[in-house]
Amino acid sequence: MRFIRGKRLTALLLALVIALSLAACGGEKDDKKGDTDQLSSTVYVPQFIDVDMELDYINSGCSDGKNVYLAGDVSRETEVTDPETGETYTNYEYRDVIYRIPLEGGPAEELENFEMSALPEGSEGNVSIDGLRPGAEGTLWVSERIYTYSFDLPADFDETTGNKWDYHTGSTEVNLQRQLDSTGNEIARVDTSGLKEKLEADYIYATLFDKEGDLYVSVEGKIAVLDPSLNVKFVLEDEQLWGDALTLLNDGSVGVRISYSDPATETYGYKTVKIDKEAKGWGDEYILPQNAYQIYPGGGDFLFYYQNGDALYGFREETGEGERLLSWLDANINVNDISFFSFLEDGRVVVMTNSYQSGSFSYELAVLTATDRASLPEKTTLTYATMGLNYNMRNSIIDFNKTNSLYRIEVKDYSEFATAEDASAGLTRLNTEIVAGNVPDMLDTSGLPLSQYGAKGLLEDLWPYIENDTDIGGRAGLMERVFNAAEQDGKLYQVFDSFSINTVVGSRKVVGDELGWTLDELQAALATMPEGCTIFGEGDTKSGMLRSILALNLDAYVDWSTGVCSFDSDAFRKALEFCNSFPLEYDWESVDWEDQEDAYTLIPNGRQMLMTYNLSSFEDMQMYEAMFGGSEALSTFSMEYSYGSDGAYSVVVGPGGGSAGLDYGMDSSRLIPGRYITFKGYPMEDGSCGSSFVINSGIAMSSSCKDKEGAWTFMRELLLPKVTDTEDGYRSSRYNFPTNKTDFEKVAQECMKAEYVKDSEGNNVLDPNGNPIQESKGGWGWGSLNIDIQATSQEEYDQVMELYNAVDSLYTYDTSIYDIVNDAAGGYFSGDRSLDDTVAQIQSRVNLYVNENR
């Protein structure tokens, strides 16, 4: 990985006092804000301090309560001249350093005497820092990992002509724990190498020293506890242990996070289990919330800490429950960027974040202190309900709160209420609050029954806001068709910044070149394939296909405005028959993954006819063209170009050596470059395209929003142009189609722009057919297939736009309706109920559900 050197680490020190008891965390309530028991009356005010450290990359950090220690790399640039050619080039030398930053102020200080451990004499490899932890009396422990490589070189091996890695025979790993004094001198060392052999383990997942110097080692299926001399004291086993996290608890014991499942209650999740050193066994265990995937060392009144969504909780052993302490989002910190945090004795919290944007790393160091919300400049608070924020939306909210002087967005993450027994408890809670009149100002539409909310009049029509927004350019400034598909009775209840298209793709010479087909037409195409050919692959099942069909057509089957359901239609009957053609279940546990064949192997050999496909860029379709197009497509997308010693140019066909191809009686000459595939979609009774738009992170505004102008100020950012003219700007938007029309066209133009290989004199290099050779735009891989991406052809662009202009529905998933339909269809899928009875039951049950809830 490359890092941009010379960047100054800007440490963000947010001065704060967090009382660990935080009795005020329950928050205040008012009629407009609704049930805000997740919103704290404590917020976080940033104070910025520059710390002058020339670090290219930070890999570890910790705090001892007085200082923060950071370990990272510093690069030095030198100019080197090749003695044979006289050419000068830049060489980078990297050095590992550790800095100490006083929390009470003062410059960052390098531990001047620190040096990384040396490689064994005569060996090759590398040394890396795995972590830092505070020691006693101002000392610091550093964990180092030393890798050395072994080679079995022939006696006549010549480094100038041979590649020694062709003779690589293995590697050796040494783990060291080194205690350093305040200047970086080593004062103690523990060599933990050899643990794999001692514990008969293939890999060591985690190690942790407790305060008495005993070492805890996590390997597959067990935890070993060793004394300071590395003698094994005892070993604990659990089949659910898979390198789970070891954590120092506030009472000095060690806990481990372990996954669990309970077949009796059909629940699963994580728990923290104490290791009882005296009894040499497992101690007390504590069930974690459903979305708490990580635990952290305890302190003060809390046995350990854990994250749940954007909130940090402290677990109280005496109550067996977690207490919500703070929201990272309130502190304008993206929880996904946190590298480490630590509570200080005086109640402050030290946290370091690490993010990667625009080709470089950015680090922030923060010390958090609680500030009463009432003491801050007044802003209008807008509530934002979500079932879990994604990374980009979290950053958008943080940026908005930092820069907007009039409004602030407070997030209520209802996923925090999910339990092992009820994963949808958060949605139930949100619906209960809405019924009580506590409607959030804005809602993240992911996972919400938006059609149901729209039919109840809970949502604001956003078309007028778009039409009056000159910066967006009204409807004409957007990819209008995808927004039309998202309409409900002519009203638009959500906006979103990107989309993809869910479809089904097949070889053009097998399925034809027309969009869409019926079930009969699909079966007719399947009849032309070799015996035993599957439709989509071995892993598809009846219920899985039913899930996709419902998401594709849900609005056609359920009208929330009128309560009319259409599950007794011929179209749905045909859809059920189609789902029933798949296996009832697939035994994933019996799969031999080493011998498992991927789609690239199955498709050319006529053993798989179609693939489901989420079309998200102009470029990724070339992977599918290579799969379905055979040897002609393969040679188009995967070639190796090289110059010989005499300057001659050669071309070598890439993966498959040109031998891949559709070998079931079809004429490969019918393949047209840039048009190897057809977007057939799922079979539809009316023969329509059978594809749907998939949107990314939609936002809705409630009709009761306390400040609609303020909400739109935030929401409109999703629709404004974002793609810059730089390479980074283009790359950041290549994995989903932008909904802003200007951005969409800019990305398309960039994808279609071809660069050509030049010789030393600046002339185009030609292939054996006399055509100029394109520079690769990057690579895509699928299993054993890897291709070079070429510039999007006009034919490829036209094909995407043909599909875009044919799609008129949104991929919509409703868990409650799917559960009803799947349960009722179970008898039909198992052969115990007729199609007529199944359709009648589904129609009756869904109709009852819809009309009870609309």
# chains A, B, ... in the order shown; residues from 1 in each chain; ligands from 1

$ residues_around --residues "A:Asp570" --least-positions-apart "5" --cutoff "10 Å" --atoms "only C-alpha atoms" --output "mmCIF file with all heavy atoms, in the first residue's frame"
data_model
loop_
_atom_site.group_PDB
_atom_site.id
_atom_site.type_symbol
_atom_site.label_atom_id
_atom_site.label_comp_id
_atom_site.auth_asym_id
_atom_site.auth_seq_id
_atom_site.Cartn_x
_atom_site.Cartn_y
_atom_site.Cartn_z
ATOM 1 N N ALA A 575 -45.201 -17.055 -11.569
ATOM 2 C CA ALA A 575 -43.991 -16.809 -10.783
ATOM 3 C C ALA A 575 -43.751 -17.928 -9.773
ATOM 4 O O ALA A 575 -42.616 -18.392 -9.580
ATOM 5 C CB ALA A 575 -44.101 -15.467 -10.069
ATOM 6 N N LEU A 576 -44.810 -18.398 -9.122
ATOM 7 C CA LEU A 576 -44.668 -19.507 -8.178
ATOM 8 C C LEU A 576 -44.215 -20.781 -8.883
ATOM 9 O O LEU A 576 -43.388 -21.530 -8.359
ATOM 10 C CB LEU A 576 -45.999 -19.761 -7.461
ATOM 11 C CG LEU A 576 -46.246 -19.047 -6.137
ATOM 12 C CD1 LEU A 576 -47.565 -19.520 -5.523
ATOM 13 C CD2 LEU A 576 -45.105 -19.262 -5.152
ATOM 14 N N GLU A 685 -44.826 -12.719 -17.134
ATOM 15 C CA GLU A 685 -45.921 -13.250 -17.937
ATOM 16 C C GLU A 685 -46.232 -12.357 -19.131
ATOM 17 O O GLU A 685 -46.640 -12.837 -20.195
ATOM 18 C CB GLU A 685 -47.171 -13.426 -17.062
ATOM 19 C CG GLU A 685 -48.324 -14.123 -17.742
ATOM 20 C CD GLU A 685 -47.958 -15.524 -18.236
ATOM 21 O OE1 GLU A 685 -46.975 -16.122 -17.732
ATOM 22 O OE2 GLU A 685 -48.649 -16.015 -19.148
ATOM 23 N N VAL A 839 -52.138 -20.309 -3.773
ATOM 24 C CA VAL A 839 -52.420 -18.944 -4.229
ATOM 25 C C VAL A 839 -53.556 -18.337 -3.422
ATOM 26 O O VAL A 839 -53.500 -17.165 -3.006
ATOM 27 C CB VAL A 839 -52.741 -18.948 -5.737
ATOM 28 C CG1 VAL A 839 -53.342 -17.613 -6.153
ATOM 29 C CG2 VAL A 839 -51.489 -19.246 -6.543
#

$ select_by_dssp --residues "stretch 89-223 of chain A" --states "strand (DSSP E)" --output "NGL selection string"
:A and (89-102 or 109-110 or 124-134 or 140-151 or 168-180 or 186-191 or 204-209 or 215-219 or 222-223)

$ select_by_dssp --residues "stretch 304-404 of chain A" --states "alpha helix (DSSP H)" --output "list in words"
Tyr391, Asn392, Met393, Arg394, Asn395, Ser396, Ile397, Ile398, Asp399, Phe400, Asn401, Lys402 and Thr403 of chain A

$ residues_around --residues "A:Tyr813" --least-positions-apart "3" --cutoff "8 Å" --atoms "only C-alpha atoms" --output "count of residues only"
5

$ residues_around --residues "A:Thr139" --least-positions-apart "5" --cutoff "8 Å" --atoms "only C-alpha atoms" --output "VMD selection string"
chain A and resid 134 179 to 182

$ closest_residue --among "A:Tyr356, A:Tyr286, A:Tyr600, A:Tyr682" --to "A:Lys271" --atoms "only C-alpha atoms"
A:Tyr286

$ residues_around --residues "A:Phe582" --least-positions-apart "4" --cutoff "9 Å" --atoms "only C-alpha atoms" --output "ChimeraX atom specification"
/A:535,540-543,545,578

$ write_last_selection --atoms "all heavy atoms" --output "compact mmCIF listing (two decimals), in the first residue's frame"
# COMPACT_ATOMS: atom_id res chain seq x y z
N ILE A 535 -30.24 -23.36 -14.33
CA ILE A 535 -30.64 -22.03 -14.81
C ILE A 535 -29.67 -20.97 -14.29
O ILE A 535 -29.06 -20.22 -15.05
CB ILE A 535 -32.08 -21.71 -14.37
CG1 ILE A 535 -33.05 -22.70 -15.02
CG2 ILE A 535 -32.45 -20.28 -14.78
CD1 ILE A 535 -34.50 -22.50 -14.59
N ASP A 540 -29.11 -21.84 -5.93
CA ASP A 540 -30.43 -21.21 -5.91
C ASP A 540 -31.49 -22.19 -5.41
O ASP A 540 -31.48 -23.37 -5.76
CB ASP A 540 -30.78 -20.69 -7.30
CG ASP A 540 -29.90 -19.54 -7.71
OD1 ASP A 540 -29.95 -18.50 -7.04
OD2 ASP A 540 -29.16 -19.67 -8.70
N THR A 541 -32.42 -21.68 -4.61
CA THR A 541 -33.49 -22.50 -4.04
C THR A 541 -34.85 -21.88 -4.34
O THR A 541 -34.93 -20.73 -4.79
CB THR A 541 -33.33 -22.65 -2.52
OG1 THR A 541 -33.43 -21.34 -1.92
CG2 THR A 541 -31.98 -23.26 -2.17
N LYS A 542 -35.90 -22.63 -4.04
CA LYS A 542 -37.26 -22.15 -4.27
C LYS A 542 -37.54 -20.87 -3.49
O LYS A 542 -38.02 -19.87 -4.04
CB LYS A 542 -38.26 -23.24 -3.87
CG LYS A 542 -38.15 -24.55 -4.62
CD LYS A 542 -39.13 -25.59 -4.06
CE LYS A 542 -38.86 -26.99 -4.61
NZ LYS A 542 -39.18 -27.10 -6.04
N SER A 543 -37.23 -20.89 -2.19
CA SER A 543 -37.53 -19.73 -1.35
C SER A 543 -36.64 -18.54 -1.70
O SER A 543 -37.07 -17.39 -1.65
CB SER A 543 -37.37 -20.08 0.13
OG SER A 543 -36.06 -20.51 0.41
N MET A 545 -35.45 -17.82 -4.71
CA MET A 545 -35.96 -17.23 -5.93
C MET A 545 -37.26 -16.48 -5.66
O MET A 545 -37.53 -15.43 -6.25
CB MET A 545 -36.16 -18.32 -6.99
CG MET A 545 -36.35 -17.80 -8.39
SD MET A 545 -35.03 -16.67 -8.94
CE MET A 545 -33.56 -17.65 -8.64
N PHE A 578 -42.43 -20.93 -11.53
CA PHE A 578 -41.01 -20.74 -11.84
C PHE A 578 -40.15 -21.02 -10.61
O PHE A 578 -39.15 -21.73 -10.68
CB PHE A 578 -40.79 -19.31 -12.33
CG PHE A 578 -39.35 -18.94 -12.55
CD1 PHE A 578 -38.59 -19.59 -13.51
CD2 PHE A 578 -38.76 -17.95 -11.79
CE1 PHE A 578 -37.26 -19.26 -13.71
CE2 PHE A 578 -37.43 -17.60 -11.98
CZ PHE A 578 -36.68 -18.27 -12.95

$ residues_around --residues "A:Lys753" --least-positions-apart "4" --cutoff "10 Å" --atoms "only C-alpha atoms" --output "PDB file with N, CA and C atoms, in the first residue's frame"
ATOM      1  N   VAL A 747     -19.480  10.360 -15.834  1.00  0.00           N
ATOM      2  CA  VAL A 747     -18.924   9.028 -15.599  1.00  0.00           C
ATOM      3  C   VAL A 747     -18.935   8.219 -16.883  1.00  0.00           C
ATOM      4  N   ALA A 748     -20.030   8.313 -17.651  1.00  0.00           N
ATOM      5  CA  ALA A 748     -20.111   7.583 -18.916  1.00  0.00           C
ATOM      6  C   ALA A 748     -19.012   8.030 -19.865  1.00  0.00           C
ATOM      7  N   GLN A 749     -18.798   9.334 -19.962  1.00  0.00           N
ATOM      8  CA  GLN A 749     -17.754   9.852 -20.855  1.00  0.00           C
ATOM      9  C   GLN A 749     -16.375   9.368 -20.437  1.00  0.00           C
ATOM     10  N   LYS A 777      -7.806  -0.039 -18.118  1.00  0.00           N
ATOM     11  CA  LYS A 777      -8.372   0.862 -17.118  1.00  0.00           C
ATOM     12  C   LYS A 777      -8.421   0.213 -15.736  1.00  0.00           C
ATOM     13  N   GLN A 790     -11.409  -2.498 -20.610  1.00  0.00           N
ATOM     14  CA  GLN A 790     -11.160  -1.589 -21.720  1.00  0.00           C
ATOM     15  C   GLN A 790     -12.151  -0.431 -21.649  1.00  0.00           C
ATOM     16  N   ALA A 791     -11.943   0.580 -22.469  1.00  0.00           N
ATOM     17  CA  ALA A 791     -12.895   1.683 -22.550  1.00  0.00           C
ATOM     18  C   ALA A 791     -14.259   1.145 -22.970  1.00  0.00           C
ATOM     19  N   THR A 792     -15.309   1.661 -22.348  1.00  0.00           N
ATOM     20  CA  THR A 792     -16.671   1.248 -22.699  1.00  0.00           C
ATOM     21  C   THR A 792     -16.953   1.592 -24.156  1.00  0.00           C
ATOM     22  N   SER A 793     -17.438   0.621 -24.911  1.00  0.00           N
ATOM     23  CA  SER A 793     -17.748   0.863 -26.319  1.00  0.00           C
ATOM     24  C   SER A 793     -19.109   1.536 -26.454  1.00  0.00           C
TER      25      SER A 793
END

$ closest_residue --among "A:Leu140, A:Ile842, A:Met387, A:Met393" --to "A:Leu448" --atoms "only C-alpha atoms"
A:Met387

$ residues_around --residues "A:Tyr624" --least-positions-apart "2" --cutoff "12 Å" --atoms "only C-alpha atoms" --output "number ranges by chain"
A: 504-508, 599-600, 603-604, 610-615, 618-622, 626-630, 633-634, 637, 674-679, 780-782, 785-787, 789, 796

$ atom_distance --atom1 "atom CA of A:Leu326" --atom2 "atom CA of A:Phe343"
12.2 Å

$ atom_distance --atom1 "atom CA of A:Leu303" --atom2 "atom CA of A:Asn250"
4.9 Å

$ atom_distance --atom1 "atom CA of A:Ala279" --atom2 "atom CA of A:Lys222"
16.5 Å

$ closest_residue --among "A:Leu195, A:Val74, A:Val821, A:Val511" --to "A:Tyr57" --atoms "only C-alpha atoms"
A:Val74

$ decode --residues "stretch 800-813 of chain A" --atoms "all heavy atoms" --output "PDB file, in the first residue's frame"
ATOM      1  N   VAL A 800     -26.629  -0.569 -22.076  1.00  0.00           N
ATOM      2  CA  VAL A 800     -27.005  -0.166 -20.717  1.00  0.00           C
ATOM      3  C   VAL A 800     -28.186   0.788 -20.763  1.00  0.00           C
ATOM      4  O   VAL A 800     -29.153   0.663 -19.995  1.00  0.00           O
ATOM      5  CB  VAL A 800     -25.812   0.482 -19.989  1.00  0.00           C
ATOM      6  CG1 VAL A 800     -26.255   1.112 -18.670  1.00  0.00           C
ATOM      7  CG2 VAL A 800     -24.723  -0.545 -19.729  1.00  0.00           C
ATOM      8  N   MET A 801     -28.139   1.753 -21.680  1.00  0.00           N
ATOM      9  CA  MET A 801     -29.214   2.735 -21.753  1.00  0.00           C
ATOM     10  C   MET A 801     -30.519   2.103 -22.246  1.00  0.00           C
ATOM     11  O   MET A 801     -31.613   2.528 -21.840  1.00  0.00           O
ATOM     12  CB  MET A 801     -28.810   3.897 -22.660  1.00  0.00           C
ATOM     13  CG  MET A 801     -27.620   4.691 -22.164  1.00  0.00           C
ATOM     14  SD  MET A 801     -27.776   5.204 -20.416  1.00  0.00           S
ATOM     15  CE  MET A 801     -29.225   6.254 -20.499  1.00  0.00           C
ATOM     16  N   GLU A 802     -30.434   1.096 -23.100  1.00  0.00           N
ATOM     17  CA  GLU A 802     -31.638   0.391 -23.534  1.00  0.00           C
ATOM     18  C   GLU A 802     -32.309  -0.264 -22.330  1.00  0.00           C
ATOM     19  O   GLU A 802     -33.539  -0.207 -22.174  1.00  0.00           O
ATOM     20  CB  GLU A 802     -31.288  -0.664 -24.581  1.00  0.00           C
ATOM     21  CG  GLU A 802     -32.507  -1.449 -25.080  1.00  0.00           C
ATOM     22  CD  GLU A 802     -32.123  -2.594 -26.004  1.00  0.00           C
ATOM     23  OE1 GLU A 802     -30.934  -2.996 -26.009  1.00  0.00           O
ATOM     24  OE2 GLU A 802     -33.012  -3.099 -26.713  1.00  0.00           O
ATOM     25  N   LEU A 803     -31.511  -0.897 -21.468  1.00  0.00           N
ATOM     26  CA  LEU A 803     -32.068  -1.511 -20.270  1.00  0.00           C
ATOM     27  C   LEU A 803     -32.619  -0.436 -19.342  1.00  0.00           C
ATOM     28  O   LEU A 803     -33.737  -0.576 -18.810  1.00  0.00           O
ATOM     29  CB  LEU A 803     -30.995  -2.330 -19.559  1.00  0.00           C
ATOM     30  CG  LEU A 803     -31.406  -2.983 -18.235  1.00  0.00           C
ATOM     31  CD1 LEU A 803     -32.526  -3.991 -18.462  1.00  0.00           C
ATOM     32  CD2 LEU A 803     -30.213  -3.650 -17.559  1.00  0.00           C
ATOM     33  N   TYR A 804     -31.861   0.618 -19.123  1.00  0.00           N
ATOM     34  CA  TYR A 804     -32.301   1.706 -18.241  1.00  0.00           C
ATOM     35  C   TYR A 804     -33.671   2.239 -18.671  1.00  0.00           C
ATOM     36  O   TYR A 804     -34.566   2.456 -17.841  1.00  0.00           O
ATOM     37  CB  TYR A 804     -31.267   2.829 -18.245  1.00  0.00           C
ATOM     38  CG  TYR A 804     -31.740   4.113 -17.596  1.00  0.00           C
ATOM     39  CD1 TYR A 804     -31.697   4.268 -16.221  1.00  0.00           C
ATOM     40  CD2 TYR A 804     -32.227   5.158 -18.380  1.00  0.00           C
ATOM     41  CE1 TYR A 804     -32.141   5.441 -15.626  1.00  0.00           C
ATOM     42  CE2 TYR A 804     -32.673   6.334 -17.796  1.00  0.00           C
ATOM     43  CZ  TYR A 804     -32.632   6.471 -16.418  1.00  0.00           C
ATOM     44  OH  TYR A 804     -33.080   7.624 -15.827  1.00  0.00           O
ATOM     45  N   ASN A 805     -33.843   2.444 -19.951  1.00  0.00           N
ATOM     46  CA  ASN A 805     -35.090   3.018 -20.461  1.00  0.00           C
ATOM     47  C   ASN A 805     -36.253   2.027 -20.480  1.00  0.00           C
ATOM     48  O   ASN A 805     -37.392   2.420 -20.715  1.00  0.00           O
ATOM     49  CB  ASN A 805     -34.869   3.583 -21.866  1.00  0.00           C
ATOM     50  CG  ASN A 805     -34.048   4.852 -21.850  1.00  0.00           C
ATOM     51  OD1 ASN A 805     -34.308   5.751 -21.063  1.00  0.00           O
ATOM     52  ND2 ASN A 805     -33.031   4.926 -22.709  1.00  0.00           N
ATOM     53  N   ALA A 806     -35.947   0.744 -20.220  1.00  0.00           N
ATOM     54  CA  ALA A 806     -37.012  -0.259 -20.186  1.00  0.00           C
ATOM     55  C   ALA A 806     -37.485  -0.548 -18.764  1.00  0.00           C
ATOM     56  O   ALA A 806     -38.607  -1.025 -18.568  1.00  0.00           O
ATOM     57  CB  ALA A 806     -36.528  -1.556 -20.837  1.00  0.00           C
ATOM     58  N   VAL A 807     -36.645  -0.266 -17.767  1.00  0.00           N
ATOM     59  CA  VAL A 807     -36.996  -0.579 -16.384  1.00  0.00           C
ATOM     60  C   VAL A 807     -37.988   0.457 -15.862  1.00  0.00           C
ATOM     61  O   VAL A 807     -37.818   1.658 -16.066  1.00  0.00           O
ATOM     62  CB  VAL A 807     -35.734  -0.605 -15.496  1.00  0.00           C
ATOM     63  CG1 VAL A 807     -36.102  -0.840 -14.039  1.00  0.00           C
ATOM     64  CG2 VAL A 807     -34.762  -1.674 -15.978  1.00  0.00           C
ATOM     65  N   ASP A 808     -39.018  -0.017 -15.174  1.00  0.00           N
ATOM     66  CA  ASP A 808     -40.015   0.903 -14.625  1.00  0.00           C
ATOM     67  C   ASP A 808     -40.448   0.533 -13.212  1.00  0.00           C
ATOM     68  O   ASP A 808     -41.487   1.000 -12.728  1.00  0.00           O
ATOM     69  CB  ASP A 808     -41.248   0.971 -15.535  1.00  0.00           C
ATOM     70  CG  ASP A 808     -41.933  -0.377 -15.716  1.00  0.00           C
ATOM     71  OD1 ASP A 808     -41.517  -1.346 -15.052  1.00  0.00           O
ATOM     72  OD2 ASP A 808     -42.879  -0.460 -16.520  1.00  0.00           O
ATOM     73  N   SER A 809     -39.661  -0.309 -12.524  1.00  0.00           N
ATOM     74  CA  SER A 809     -40.026  -0.705 -11.163  1.00  0.00           C
ATOM     75  C   SER A 809     -38.821  -0.627 -10.242  1.00  0.00           C
ATOM     76  O   SER A 809     -37.683  -0.580 -10.697  1.00  0.00           O
ATOM     77  CB  SER A 809     -40.598  -2.134 -11.152  1.00  0.00           C
ATOM     78  OG  SER A 809     -39.611  -3.076 -11.534  1.00  0.00           O
ATOM     79  N   LEU A 810     -39.114  -0.612  -8.948  1.00  0.00           N
ATOM     80  CA  LEU A 810     -38.080  -0.503  -7.933  1.00  0.00           C
ATOM     81  C   LEU A 810     -37.976  -1.831  -7.185  1.00  0.00           C
ATOM     82  O   LEU A 810     -38.990  -2.466  -6.878  1.00  0.00           O
ATOM     83  CB  LEU A 810     -38.442   0.615  -6.949  1.00  0.00           C
ATOM     84  CG  LEU A 810     -37.315   1.296  -6.195  1.00  0.00           C
ATOM     85  CD1 LEU A 810     -36.392   2.022  -7.142  1.00  0.00           C
ATOM     86  CD2 LEU A 810     -37.903   2.278  -5.176  1.00  0.00           C
ATOM     87  N   TYR A 811     -36.764  -2.266  -6.920  1.00  0.00           N
ATOM     88  CA  TYR A 811     -36.532  -3.471  -6.126  1.00  0.00           C
ATOM     89  C   TYR A 811     -36.897  -3.148  -4.689  1.00  0.00           C
ATOM     90  O   TYR A 811     -36.212  -2.380  -4.011  1.00  0.00           O
ATOM     91  CB  TYR A 811     -35.071  -3.890  -6.241  1.00  0.00           C
ATOM     92  CG  TYR A 811     -34.763  -5.282  -5.743  1.00  0.00           C
ATOM     93  CD1 TYR A 811     -34.917  -6.382  -6.583  1.00  0.00           C
ATOM     94  CD2 TYR A 811     -34.309  -5.501  -4.450  1.00  0.00           C
ATOM     95  CE1 TYR A 811     -34.623  -7.666  -6.149  1.00  0.00           C
ATOM     96  CE2 TYR A 811     -34.009  -6.772  -4.006  1.00  0.00           C
ATOM     97  CZ  TYR A 811     -34.170  -7.860  -4.855  1.00  0.00           C
ATOM     98  OH  TYR A 811     -33.885  -9.131  -4.418  1.00  0.00           O
ATOM     99  N   THR A 812     -38.015  -3.708  -4.198  1.00  0.00           N
ATOM    100  CA  THR A 812     -38.567  -3.349  -2.902  1.00  0.00           C
ATOM    101  C   THR A 812     -38.751  -4.591  -2.060  1.00  0.00           C
ATOM    102  O   THR A 812     -39.395  -5.546  -2.497  1.00  0.00           O
ATOM    103  CB  THR A 812     -39.928  -2.645  -3.060  1.00  0.00           C
ATOM    104  OG1 THR A 812     -39.782  -1.551  -3.961  1.00  0.00           O
ATOM    105  CG2 THR A 812     -40.433  -2.138  -1.720  1.00  0.00           C
ATOM    106  N   TYR A 813     -38.193  -4.569  -0.859  1.00  0.00           N
ATOM    107  CA  TYR A 813     -38.274  -5.752  -0.014  1.00  0.00           C
ATOM    108  C   TYR A 813     -39.076  -5.435   1.240  1.00  0.00           C
ATOM    109  O   TYR A 813     -38.847  -4.432   1.908  1.00  0.00           O
ATOM    110  CB  TYR A 813     -36.877  -6.234   0.375  1.00  0.00           C
ATOM    111  CG  TYR A 813     -36.894  -7.548   1.105  1.00  0.00           C
ATOM    112  CD1 TYR A 813     -37.228  -8.723   0.441  1.00  0.00           C
ATOM    113  CD2 TYR A 813     -36.629  -7.608   2.463  1.00  0.00           C
ATOM    114  CE1 TYR A 813     -37.261  -9.932   1.103  1.00  0.00           C
ATOM    115  CE2 TYR A 813     -36.656  -8.810   3.136  1.00  0.00           C
ATOM    116  CZ  TYR A 813     -36.976  -9.972   2.451  1.00  0.00           C
ATOM    117  OH  TYR A 813     -37.027 -11.166   3.108  1.00  0.00           O
TER     118      TYR A 813
END
